[in-house]
Amino acid sequence: MFDDFFIRALVAGIGVAFVTGPLGCFVIWRRLSYFGDTLAHSALLGVTLAFTMEFNIAISVFVISSMIALILIQLQKKTNLPGDALLGLLAHSSLAVGLVVIGFLTFIRFDIMGLLFGDILAVSVNDLLIIWIGGAFILLTLKFIWKPLFASTVNYELAEAEGLNPDRAKAIFTILMAAIIAISIKMVGLLLITGMLIIPAAMARNLSSSPQGMVIYSIIGGLLSVIIGLLTSLEFNTSSGPSIITAALLLFILSLFKIKQSIKLKN
Amino acid sequence: MSTDQNILVKLNDAGLQLNNKWLVKGVSLQVEKGKIVTLIGPNGSGKSTTAKIALGIYKKIDGSVKKYTNKVGYVPQKISIDWTLPLRVNDFMMLTESLNKETIDEALSLTGVIHLKDKNLGDLSGGEFQRVLLARAISKKPDLLVLDEPVQGVDFTGEIALYELIKKISDELSCGILLISHDLHTVMSATDHVVCLNGHVCCSGSPMDVAKNNEYKALFGEQASQILSRYQHKHDHIHTDEGEIKKN
C-alpha cells in the first residue's frame, strides 16, 4: 500500500512537524494564533502569483506573507484600530483578492480544494527539498534567537533591560512564521496550517511542566498527527490537511485526560 | 572619591515624554560601583520611569543615558507573566543567562526560596515570587542591579533580611545598585545617595542632606523628615551643625 507518493508525503509531513512543533509553542505563548491565520490566508495570493509568473510556490508565498506581516506592523503603528480587527481585515481581504485573481486566470486549471486543504498527491521531490532544507534553516534560526525570544515572551522589559535585544528576535520570528507557512502549504493547505501550529502545541501544554518539555511533546504530537492523518488519508481517500488536523485533535482530546488526573492529584 | 571608571550608568538631563505629557524630566544621576543610589518620591513621580530610562528600556528619551556595563540584573515593580507558559522557578532563573546548578541554588538559598525551585511560577505567592525575582537578578552576579521596590509583598521579618542581603550583595560583588523604595527607615540606613523625585529631581544628596531639604519636607511632610534624621543618629557617625557627616 505504500506508494511512492505516499512515502514522499510522509517524509514531507515529518519535516513539517519538526518545525511546527517548536514554532507552535511560541504561537501559543505569544498569542499569535490569529496572526498565523492571517499570514496563511494571504498565502493564496502568493500561490496565484506563483502560477501567473510561473515561479516557485514556496518562495512566492514566503514573500507575500512577509509583506503582509510588514503591512500589519505598519497599520498597527499608524491606525487606532485594535489588533484583531487589523488581522481580520488583512486575512479576509488578501484571501478575497487571491480568489478574485484566480477567477481571472481562466487559462490555468486550479485545484482550489488542494490549495485550501492540502494535497498529498501534489508533493514532489522538489517540495521535499524545500521542506527539509527550509525547515532546517528555520529550526537553526529559532535556536539562535531562542533566548531573547523566550525571555521577551515571559517579560519584554526584563529581556530589554538585561541586554537581549527582544525587538530583533521578534522581527526574525515573524519571518520564520512566514517561512513555515510557505513550506507547509502543500501538505496541510492554507486554511489548516494554523491548526498544525496550534493543536499539537496545545496538546503539549496539557502534558508538560517546562518550556523545553512542551516543545518536545509538541513535536511528538505533530509527528503522530502526520503519520495517523496521512494513513487515514490514503485509506479513505480524504484530503491530507483535514486528516492530519483531525488526528491532532484526537491527540489533544486524549491529553485532556492527563490534565484531569493531575488536577485530581492536586486536590 | 569616584573616578569615571567606576561609573556604571549615567543619566544626563534625561526625561521621557509620552503623549505630550512629561512622565519625568531633567534627571541627572549616576550609579557607581559598590554604591547604592535610592530613588524616593510620591506615586507617579517618575521613579520607575527613571529606572527604566537608566536600563535603556525606553528608546525615545530626552537628554542622554549611558550604560557602561551589560551585566545588569533587574527586578521590575510590576511583572505580568502569562500563565500559558509552563515555567518552573528553575527555568525562570535561567531566563536571560544560562547558569549552573550551584549558582542557582546559592541565589535561591540567599533569598530563602530554595525549596520552591521545582515549583511552577504560577503557584507562588506574591512574596515568594518577589524573592524569586530578587534571586534571579542577583544570581548572574551583575555589575548593576536595578531594584524597583524589591521587597513588596514580603513579610516584615523577610523585608529586613532582604534589605540586609541587598546591602551585603552591594559590598561583596561591589556592584552598583539603583533602588526604588517607599520604606524610608530601611532605605536611609544603607543608601549612599538619595534622589528625591517629583516629576523632576526635587533634591538629591546624602540621606541627611535630603532630610534637611525644604522641598523634601514639603513633599513628604515634617514627620518623614524626622524619620530620616532619627535614623541618621543611630549611625556610627555624627552630624555637624552645617549638616556634614563626621565619622566617629
# chains A, B, ... in the order shown; residues from 1 in each chain; ligands from 1

call {"tool": "select_by_dssp", "arguments": {"residues": "range 19-230 of chain A", "states": "helix (DSSP H, G or I)", "output": "VMD selection string"}}
result
chain A and resid 19 to 29 33 to 52 57 to 78 83 to 104 112 to 117 120 to 122 125 to 154 156 to 161 166 to 188 193 to 207 211 to 230

call {"tool": "interface_residues", "arguments": {"of": "chain B", "to": "chain A", "cutoff": "9 Å", "atoms": "only C-alpha atoms", "output": "PyMOL selection string"}}
result
chain B and resi 52+54-57+70-76+79-88+91-92+95-97+120

call {"tool": "residues_around", "arguments": {"residues": "Gln152 in chain B", "least_positions_apart": "4", "cutoff": "10 Å", "atoms": "only C-alpha atoms", "output": "list in words"}}
result
Gln77, Gly126, Gly127, Gln130, Arg131, Asp148, Glu159, Ser181 and His182 of chain B

call {"tool": "closest_residue", "arguments": {"among": "B:Cys196, B:Val113, B:Val187, B:Leu173", "to": "Lys141 in chain B", "atoms": "only C-alpha atoms"}}
result
B:Leu173

call {"tool": "residues_around", "arguments": {"residues": "Gly205 in chain B", "least_positions_apart": "2", "cutoff": "7 Å", "atoms": "only C-alpha atoms", "output": "ChimeraX atom specification"}}
result
/B:193-195,207,209-210

call {"tool": "residues_around", "arguments": {"residues": "Gly241 in chain A", "least_positions_apart": "5", "cutoff": "10 Å", "atoms": "only C-alpha atoms", "output": "list in words"}}
result
Gly114, Leu115, Leu116, Phe117, Gly118, Asp119, Ile120, Ile185, Lys186, Met187, Val188, Gly189, Leu190, Leu191, Leu192, Ile193, Gly195, Met196, Val226, Gly229, Leu230, Ser233 and Thr246 of chain A

call {"tool": "select_by_dssp", "arguments": {"residues": "range 9-45 of chain B", "states": "strand (DSSP E or B)", "output": "JSON, numbers by chain"}}
result
{"B": [9, 10, 11, 12, 13, 14, 15, 16, 17, 18, 21, 22, 23, 24, 25, 26, 27, 28, 29, 30, 31, 32, 36, 37, 38, 39, 40]}

call {"tool": "write_last_selection", "arguments": {"atoms": "C-alpha atoms", "output": "short mmCIF file (atom, residue, chain, number, x, y, z; two decimals), in the first residue's frame"}}
result
data_model
loop_
_atom_site.label_atom_id
_atom_site.label_comp_id
_atom_site.auth_asym_id
_atom_site.auth_seq_id
_atom_site.Cartn_x
_atom_site.Cartn_y
_atom_site.Cartn_z
CA VAL B 9 25.27 54.17 34.38
CA LYS B 10 24.91 57.90 33.96
CA LEU B 11 21.80 59.91 33.21
CA ASN B 12 22.30 63.42 31.94
CA ASP B 13 19.23 65.67 31.96
CA ALA B 14 17.18 62.64 30.97
CA GLY B 15 13.42 62.70 30.60
CA LEU B 16 10.56 60.90 28.93
CA GLN B 17 7.54 62.35 27.20
CA LEU B 18 4.52 60.22 26.38
CA LYS B 21 2.96 64.62 28.82
CA TRP B 22 6.20 64.51 30.72
CA LEU B 23 6.49 61.40 32.86
CA VAL B 24 9.77 62.61 34.24
CA LYS B 25 12.06 65.41 33.24
CA GLY B 26 15.58 66.64 33.71
CA VAL B 27 17.02 63.76 35.72
CA SER B 28 20.75 63.64 36.17
CA LEU B 29 22.24 60.94 38.29
CA GLN B 30 24.90 58.29 38.23
CA VAL B 31 25.38 54.90 39.83
CA GLU B 32 28.87 53.82 40.70
CA ILE B 36 23.57 52.33 46.46
CA VAL B 37 21.53 55.11 44.93
CA THR B 38 17.93 55.33 46.06
CA LEU B 39 15.05 56.98 44.29
CA ILE B 40 12.25 58.19 46.51
#

call {"tool": "residues_around", "arguments": {"residues": "Val63 in chain A", "least_positions_apart": "6", "cutoff": "9 Å", "atoms": "only C-alpha atoms", "output": "PDB file with N, CA and C atoms, in the first residue's frame"}}
result
ATOM      1  N   GLY A  46      -0.106  34.565  -2.701  1.00  0.00           N
ATOM      2  CA  GLY A  46       1.227  34.140  -3.092  1.00  0.00           C
ATOM      3  C   GLY A  46       1.177  33.011  -4.107  1.00  0.00           C
ATOM      4  N   ALA A 178       6.297  33.291   8.459  1.00  0.00           N
ATOM      5  CA  ALA A 178       6.010  33.327   7.024  1.00  0.00           C
ATOM      6  C   ALA A 178       6.660  32.144   6.326  1.00  0.00           C
ATOM      7  N   ALA A 179       7.870  31.784   6.776  1.00  0.00           N
ATOM      8  CA  ALA A 179       8.608  30.699   6.137  1.00  0.00           C
ATOM      9  C   ALA A 179       7.938  29.350   6.361  1.00  0.00           C
ATOM     10  N   ALA A 182       5.002  29.020   4.174  1.00  0.00           N
ATOM     11  CA  ALA A 182       5.402  28.806   2.795  1.00  0.00           C
ATOM     12  C   ALA A 182       5.766  27.352   2.523  1.00  0.00           C
TER      13      ALA A 182
END

call {"tool": "atom_distance", "arguments": {"atom1": "CA of His185 in chain B", "atom2": "CA of Leu165 in chain B"}}
result
15.9 Å

call {"tool": "residues_around", "arguments": {"residues": "Ala50 in chain A", "least_positions_apart": "5", "cutoff": "9 Å", "atoms": "only C-alpha atoms", "output": "count of residues only"}}
result
8
